[in-house]
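Colleague: This is the content of coords-v3.pdb (PDB, C-alpha atoms and all ligand atoms):
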ATOM      1  CA  MET A  30      86.629   7.950 194.892
ATOM      2  CA  LYS A  31      89.400   5.662 193.709
ATOM      3  CA  GLU A  32      88.199   2.360 192.369
ATOM      4  CA  LYS A  33      90.601  -0.445 191.776
ATOM      5  CA  LEU A  34      91.841  -0.422 188.217
ATOM      6  CA  THR A  35      91.369  -3.370 185.907
ATOM      7  CA  ARG A  36      94.385  -4.936 184.208
ATOM      8  CA  SER A  37      93.779  -3.167 180.917
ATOM      9  CA  GLN A  38      93.219   0.177 182.647
ATOM     10  CA  GLU A  39      96.512  -0.298 184.471
ATOM     11  CA  ARG A  40      98.326  -1.160 181.270
ATOM     12  CA  VAL A  41      96.941   1.896 179.499
ATOM     13  CA  LEU A  42      97.929   4.082 182.449
ATOM     14  CA  HIS A  43     101.461   2.630 182.628
ATOM     15  CA  LEU A  44     101.910   3.123 178.913
ATOM     16  CA  LEU A  45     100.832   6.756 179.185
ATOM     17  CA  GLN A  46     103.251   7.283 182.077
ATOM     18  CA  HIS A  47     106.088   6.335 179.744
ATOM     19  CA  HIS A  48     105.210   9.120 177.342
ATOM     20  CA  ASP A  49     106.126  12.710 178.058
ATOM     21  CA  HIS A  50     103.754  13.897 175.353
ATOM     22  CA  ALA A  51     100.070  13.250 174.762
ATOM     23  CA  VAL A  52      99.173  10.221 172.630
ATOM     24  CA  SER A  53      96.025   9.149 170.819
ATOM     25  CA  ALA A  54      93.969   6.055 171.597
ATOM     26  CA  GLN A  55      95.041   4.585 168.244
ATOM     27  CA  ASP A  56      98.722   5.039 169.102
ATOM     28  CA  LEU A  57      98.207   3.403 172.489
ATOM     29  CA  HIS A  58      96.301   0.602 170.827
ATOM     30  CA  SER A  59      99.060  -0.137 168.329
ATOM     31  CA  GLU A  60     101.710   0.009 171.045
ATOM     32  CA  LEU A  61      99.737  -2.465 173.123
ATOM     33  CA  ARG A  62      99.300  -4.671 170.073
ATOM     34  CA  ASN A  63     103.075  -4.949 169.760
ATOM     35  CA  SER A  64     103.306  -6.398 173.268
ATOM     36  CA  GLU A  65     102.417 -10.026 173.920
ATOM     37  CA  LYS A  66      98.930  -9.408 175.298
ATOM     38  CA  SER A  67      96.942  -7.246 172.925
ATOM     39  CA  VAL A  68      94.023  -5.087 174.009
ATOM     40  CA  GLY A  69      91.117  -4.183 171.712
ATOM     41  CA  LEU A  70      90.625  -0.585 170.625
ATOM     42  CA  ALA A  71      87.188  -0.464 172.310
ATOM     43  CA  THR A  72      88.828  -1.545 175.570
ATOM     44  CA  VAL A  73      91.496   1.130 175.173
ATOM     45  CA  TYR A  74      88.761   3.762 174.759
ATOM     46  CA  ARG A  75      86.800   2.434 177.739
ATOM     47  CA  SER A  76      89.945   2.371 179.877
ATOM     48  CA  LEU A  77      90.824   5.933 178.871
ATOM     49  CA  GLU A  78      87.307   7.077 179.768
ATOM     50  CA  THR A  79      87.507   5.477 183.229
ATOM     51  CA  LEU A  80      91.000   6.852 183.888
ATOM     52  CA  LYS A  81      89.792  10.293 182.856
ATOM     53  CA  LEU A  82      86.815  10.167 185.228
ATOM     54  CA  GLN A  83      89.176   9.244 188.043
ATOM     55  CA  GLY A  84      91.315  12.260 187.275
ATOM     56  CA  LEU A  85      94.349  10.101 186.464
ATOM     57  CA  ILE A  86      94.613  11.238 182.872
ATOM     58  CA  LYS A  87      93.410  14.168 180.824
ATOM     59  CA  ALA A  88      92.131  14.381 177.286
ATOM     60  CA  LEU A  89      92.814  17.105 174.777
ATOM     61  CA  THR A  90      91.104  17.434 171.392
ATOM     62  CA  LEU A  91      93.337  18.748 168.618
ATOM     63  CA  PRO A  92      92.067  20.933 165.730
ATOM     64  CA  ASN A  93      92.092  17.890 163.435
ATOM     65  CA  GLY A  94      89.499  16.272 165.701
ATOM     66  CA  GLU A  95      91.953  13.794 167.153
ATOM     67  CA  THR A  96      91.847  13.329 170.920
ATOM     68  CA  VAL A  97      95.147  12.805 172.698
ATOM     69  CA  TYR A  98      95.686  11.666 176.251
ATOM     70  CA  SER A  99      98.330  12.237 178.891
ATOM     71  CA  VAL A 100      98.699  11.462 182.599
ATOM     72  CA  THR A 101      97.871  14.105 185.178
ATOM     73  CA  ARG A 102     100.699  14.216 187.663
ATOM     74  CA  ALA A 103      99.943  15.205 191.241
ATOM     75  CA  ASP A 104      99.578  18.955 191.339
ATOM     76  CA  ARG A 105     101.272  19.548 188.028
ATOM     77  CA  HIS A 106      99.912  22.104 185.648
ATOM     78  CA  HIS A 107     100.666  22.599 182.005
ATOM     79  CA  LEU A 108     100.589  24.941 179.077
ATOM     80  CA  ASN A 109      98.957  22.814 176.400
ATOM     81  CA  CYS A 110      99.569  23.458 172.738
ATOM     82  CA  LEU A 111      96.307  22.978 170.834
ATOM     83  CA  ASN A 112      98.195  22.589 167.592
ATOM     84  CA  CYS A 113     100.708  19.806 168.334
ATOM     85  CA  GLY A 114      99.450  18.495 171.679
ATOM     86  CA  LYS A 115     102.686  19.278 173.532
ATOM     87  CA  SER A 116     102.373  19.974 177.281
ATOM     88  CA  LEU A 117     104.848  22.288 178.967
ATOM     89  CA  PRO A 118     104.857  21.758 182.739
ATOM     90  CA  ILE A 119     104.642  24.759 185.061
ATOM     91  CA  ASP A 120     107.121  24.620 187.926
ATOM     92  CA  SER A 121     104.840  25.365 190.813
ATOM     93  CA  CYS A 122     101.124  25.309 191.546
ATOM     94  CA  PRO A 123      99.679  28.827 191.203
ATOM     95  CA  ILE A 124      96.507  27.944 193.098
ATOM     96  CA  HIS A 125      97.909  25.900 195.957
ATOM     97  CA  ASP A 126      96.914  28.501 198.558
ATOM     98  CA  LEU A 127      93.497  28.981 196.989
ATOM     99  CA  GLY A 128      92.863  25.263 197.406
ATOM    100  CA  ASN A 129      93.717  25.433 201.086
ATOM    101  CA  GLN A 130      91.506  28.466 201.596
ATOM    102  CA  LEU A 131      88.518  26.879 199.851
ATOM    103  CA  ALA A 132      88.949  23.646 201.756
ATOM    104  CA  LYS A 133      88.923  25.546 205.024
ATOM    105  CA  LYS A 134      86.064  27.884 204.140
ATOM    106  CA  HIS A 135      83.717  25.173 202.921
ATOM    107  CA  SER A 136      84.988  22.353 205.146
ATOM    108  CA  PHE A 137      85.552  20.536 201.909
ATOM    109  CA  GLN A 138      88.079  17.771 201.562
ATOM    110  CA  ILE A 139      89.780  18.414 198.238
ATOM    111  CA  TYR A 140      91.287  15.314 196.614
ATOM    112  CA  TYR A 141      92.730  16.974 193.579
ATOM    113  CA  HIS A 142      92.251  19.920 191.278
ATOM    114  CA  THR A 143      92.924  20.618 187.670
ATOM    115  CA  LEU A 144      94.184  23.773 186.036
ATOM    116  CA  GLU A 145      95.199  23.862 182.422
ATOM    117  CA  PHE A 146      96.217  26.554 179.997
ATOM    118  CA  PHE A 147      95.564  26.162 176.292
ATOM    119  CA  GLY A 148      97.112  27.905 173.332
ATOM    120  CA  MET A 149      99.971  27.586 170.889
ATOM    121  CA  CYS A 150     103.586  26.710 171.720
ATOM    122  CA  SER A 151     106.489  28.857 170.471
ATOM    123  CA  GLN A 152     107.496  26.243 167.903
ATOM    124  CA  CYS A 153     104.018  26.095 166.373
ATOM    125  CA  GLN A 154     103.812  29.914 166.375
ATOM    126  CA  GLU A 155     107.022  30.058 164.358
ATOM    127  CA  GLU A 156     105.809  27.428 161.915
ATOM    128  CA  SER A 157     102.504  29.188 161.367
ATOM    129  CA  GLN A 158     104.169  32.488 160.475
TER     130      GLN A 158
HETATM  131 ZN    ZN A 201     102.815  23.206 169.424
HETATM  132 ZN    ZN A 202      97.821  22.800 191.538
END
For this file, produce the structure as structure tokens.
Modeller:
Amino acid sequence: MKEKLTRSQERVLHLLQHHDHAVSAQDLHSELRNSEKSVGLATVYRSLETLKLQGLIKALTLPNGETVYSVTRADRHHLNCLNCGKSLPIDSCPIHDLGNQLAKKHSFQIYYHTLEFFGMCSQCQEESQ
């Protein structure tokens, strides 16, 4: 399942790992441009697409049409604000046991799972009132 990452994919992934909030492809692109080896925007998009397919990152589309990206940490789940793109981590995995049960029942080797909640964070709720 895991293919070896190219240099630009690795750089995009590392950059995302340094952010604790979701960032857009444009933001990543301009951050990479400030470093000595720049990466084209098309390459950033391609890298993001590959990383997403490998389950290493996740994409979230905001109401303004902008797509923001953040890393998926091993068995970490989040409450995602659709308004500002903030992700609040949940302490534990609510479906850990379910995963084990399904794996057993179907003799399926599960590599990873995703579980995300979407809505509006308390700060955005206050601002919208
Ligand atoms: Zn918010
Ligand atoms: Zn989980």
Colleague: Find the residue from A:Gln152, A:Ser157, A:Ser99, A:Gln55 that sits nearest to A:Ala71; use all atoms listed in the file when measuring.
Modeller: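 Residue with the minimum atom-to-atom distance to A:Ala71: A:Gln55.
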Colleague: Quick one: apply the PyMOL selection byres (((chain A and resi 76) around 10) and not hetatm) to the file and drop the selected residues here as a list in words.
Modeller: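 This file gives the following for the PyMOL selection byres (((chain A and resi 76) around 10) and not hetatm): Leu34, Thr35, Arg36, Ser37, Gln38, Glu39, Arg40, Val41, Leu42, Ala54, Leu70, Ala71, Thr72, Val73, Tyr74, Arg75, Leu77, Glu78, Thr79, Leu80, Lys81 and Leu82 of chain A.
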Colleague: Would you list the residues that come within 12 Å of ligand ZN 201 (chain A)? Count only C-alpha atoms and all ligand atoms and give the answer as a ChimeraX atom specification.
Modeller: /A:50-51,91-92,108-117,147-157
Colleague: Kindly indicate which residue among A:Thr90, A:Leu44, A:Asp120, A:Phe146 lies nearest to A:Ser64, using all atoms listed in the file for the distances.
Modeller: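 Counting all atoms listed in the file, the residue closest to A:Ser64 is A:Leu44.
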Colleague: Residues within 9 Å of ligand ZN 202 (chain A), counting only C-alpha atoms and all ligand atoms: report them as a list in words.
Modeller: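 With only C-alpha atoms and all ligand atoms and a cut-off of 9 Å, ligand ZN 202 (chain A) is contacted by Ala103, Asp104, Arg105, His106, Ser121, Cys122, Pro123, Ile124, His125, Gly128, Tyr141, His142, Thr143 and Leu144 of chain A.
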Colleague: Write out as a list in words which residues come within 12 Å of A:Leu127 when counting all atoms listed in the file, dropping same-chain ones fewer than 6 positions away.
Modeller: Lys133, Lys134, Ile139 and His142 of chain A
Colleague: Expressed in Å to a single decimal, how great is the separation between atom CA of A:Tyr98 and atom CA of A:His47?
Modeller: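 About the pair atom CA of A:Tyr98 and atom CA of A:His47: they are 12.2 Å apart.
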Colleague: Kindly indicate which residue among A:Ser53, A:His107, A:Glu145, A:Ser136 lies nearest to A:Glu95, using only C-alpha atoms for the distances.
Modeller: A:Ser53
Colleague: How far is it from atom CA of A:Pro118 to atom CA of A:Lys33, in Å with one decimal?
Modeller: 27.9 Å
Colleague: Atom CA of A:Phe137 and atom CA of A:Ile119 are how many Å apart?
Modeller: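 These two atoms are separated by 25.8 Å.
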Colleague: Do you know which residues are at most 7 Å from A:Val100 counting all atoms listed in the file, after dropping those on the same chain fewer than 2 positions away, and could you put them as an mmCIF file with C-alpha atoms, in the frame of the given file?
Modeller:
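Saved result, result_17.cif, follows:
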data_model
loop_
_atom_site.group_PDB
_atom_site.id
_atom_site.type_symbol
_atom_site.label_atom_id
_atom_site.label_comp_id
_atom_site.auth_asym_id
_atom_site.auth_seq_id
_atom_site.Cartn_x
_atom_site.Cartn_y
_atom_site.Cartn_z
ATOM 1 C CA LEU A 45 100.832 6.756 179.185
ATOM 2 C CA GLN A 46 103.251 7.283 182.077
ATOM 3 C CA LEU A 85 94.349 10.101 186.464
ATOM 4 C CA ILE A 86 94.613 11.238 182.872
ATOM 5 C CA LYS A 87 93.410 14.168 180.824
ATOM 6 C CA ARG A 102 100.699 14.216 187.663
#
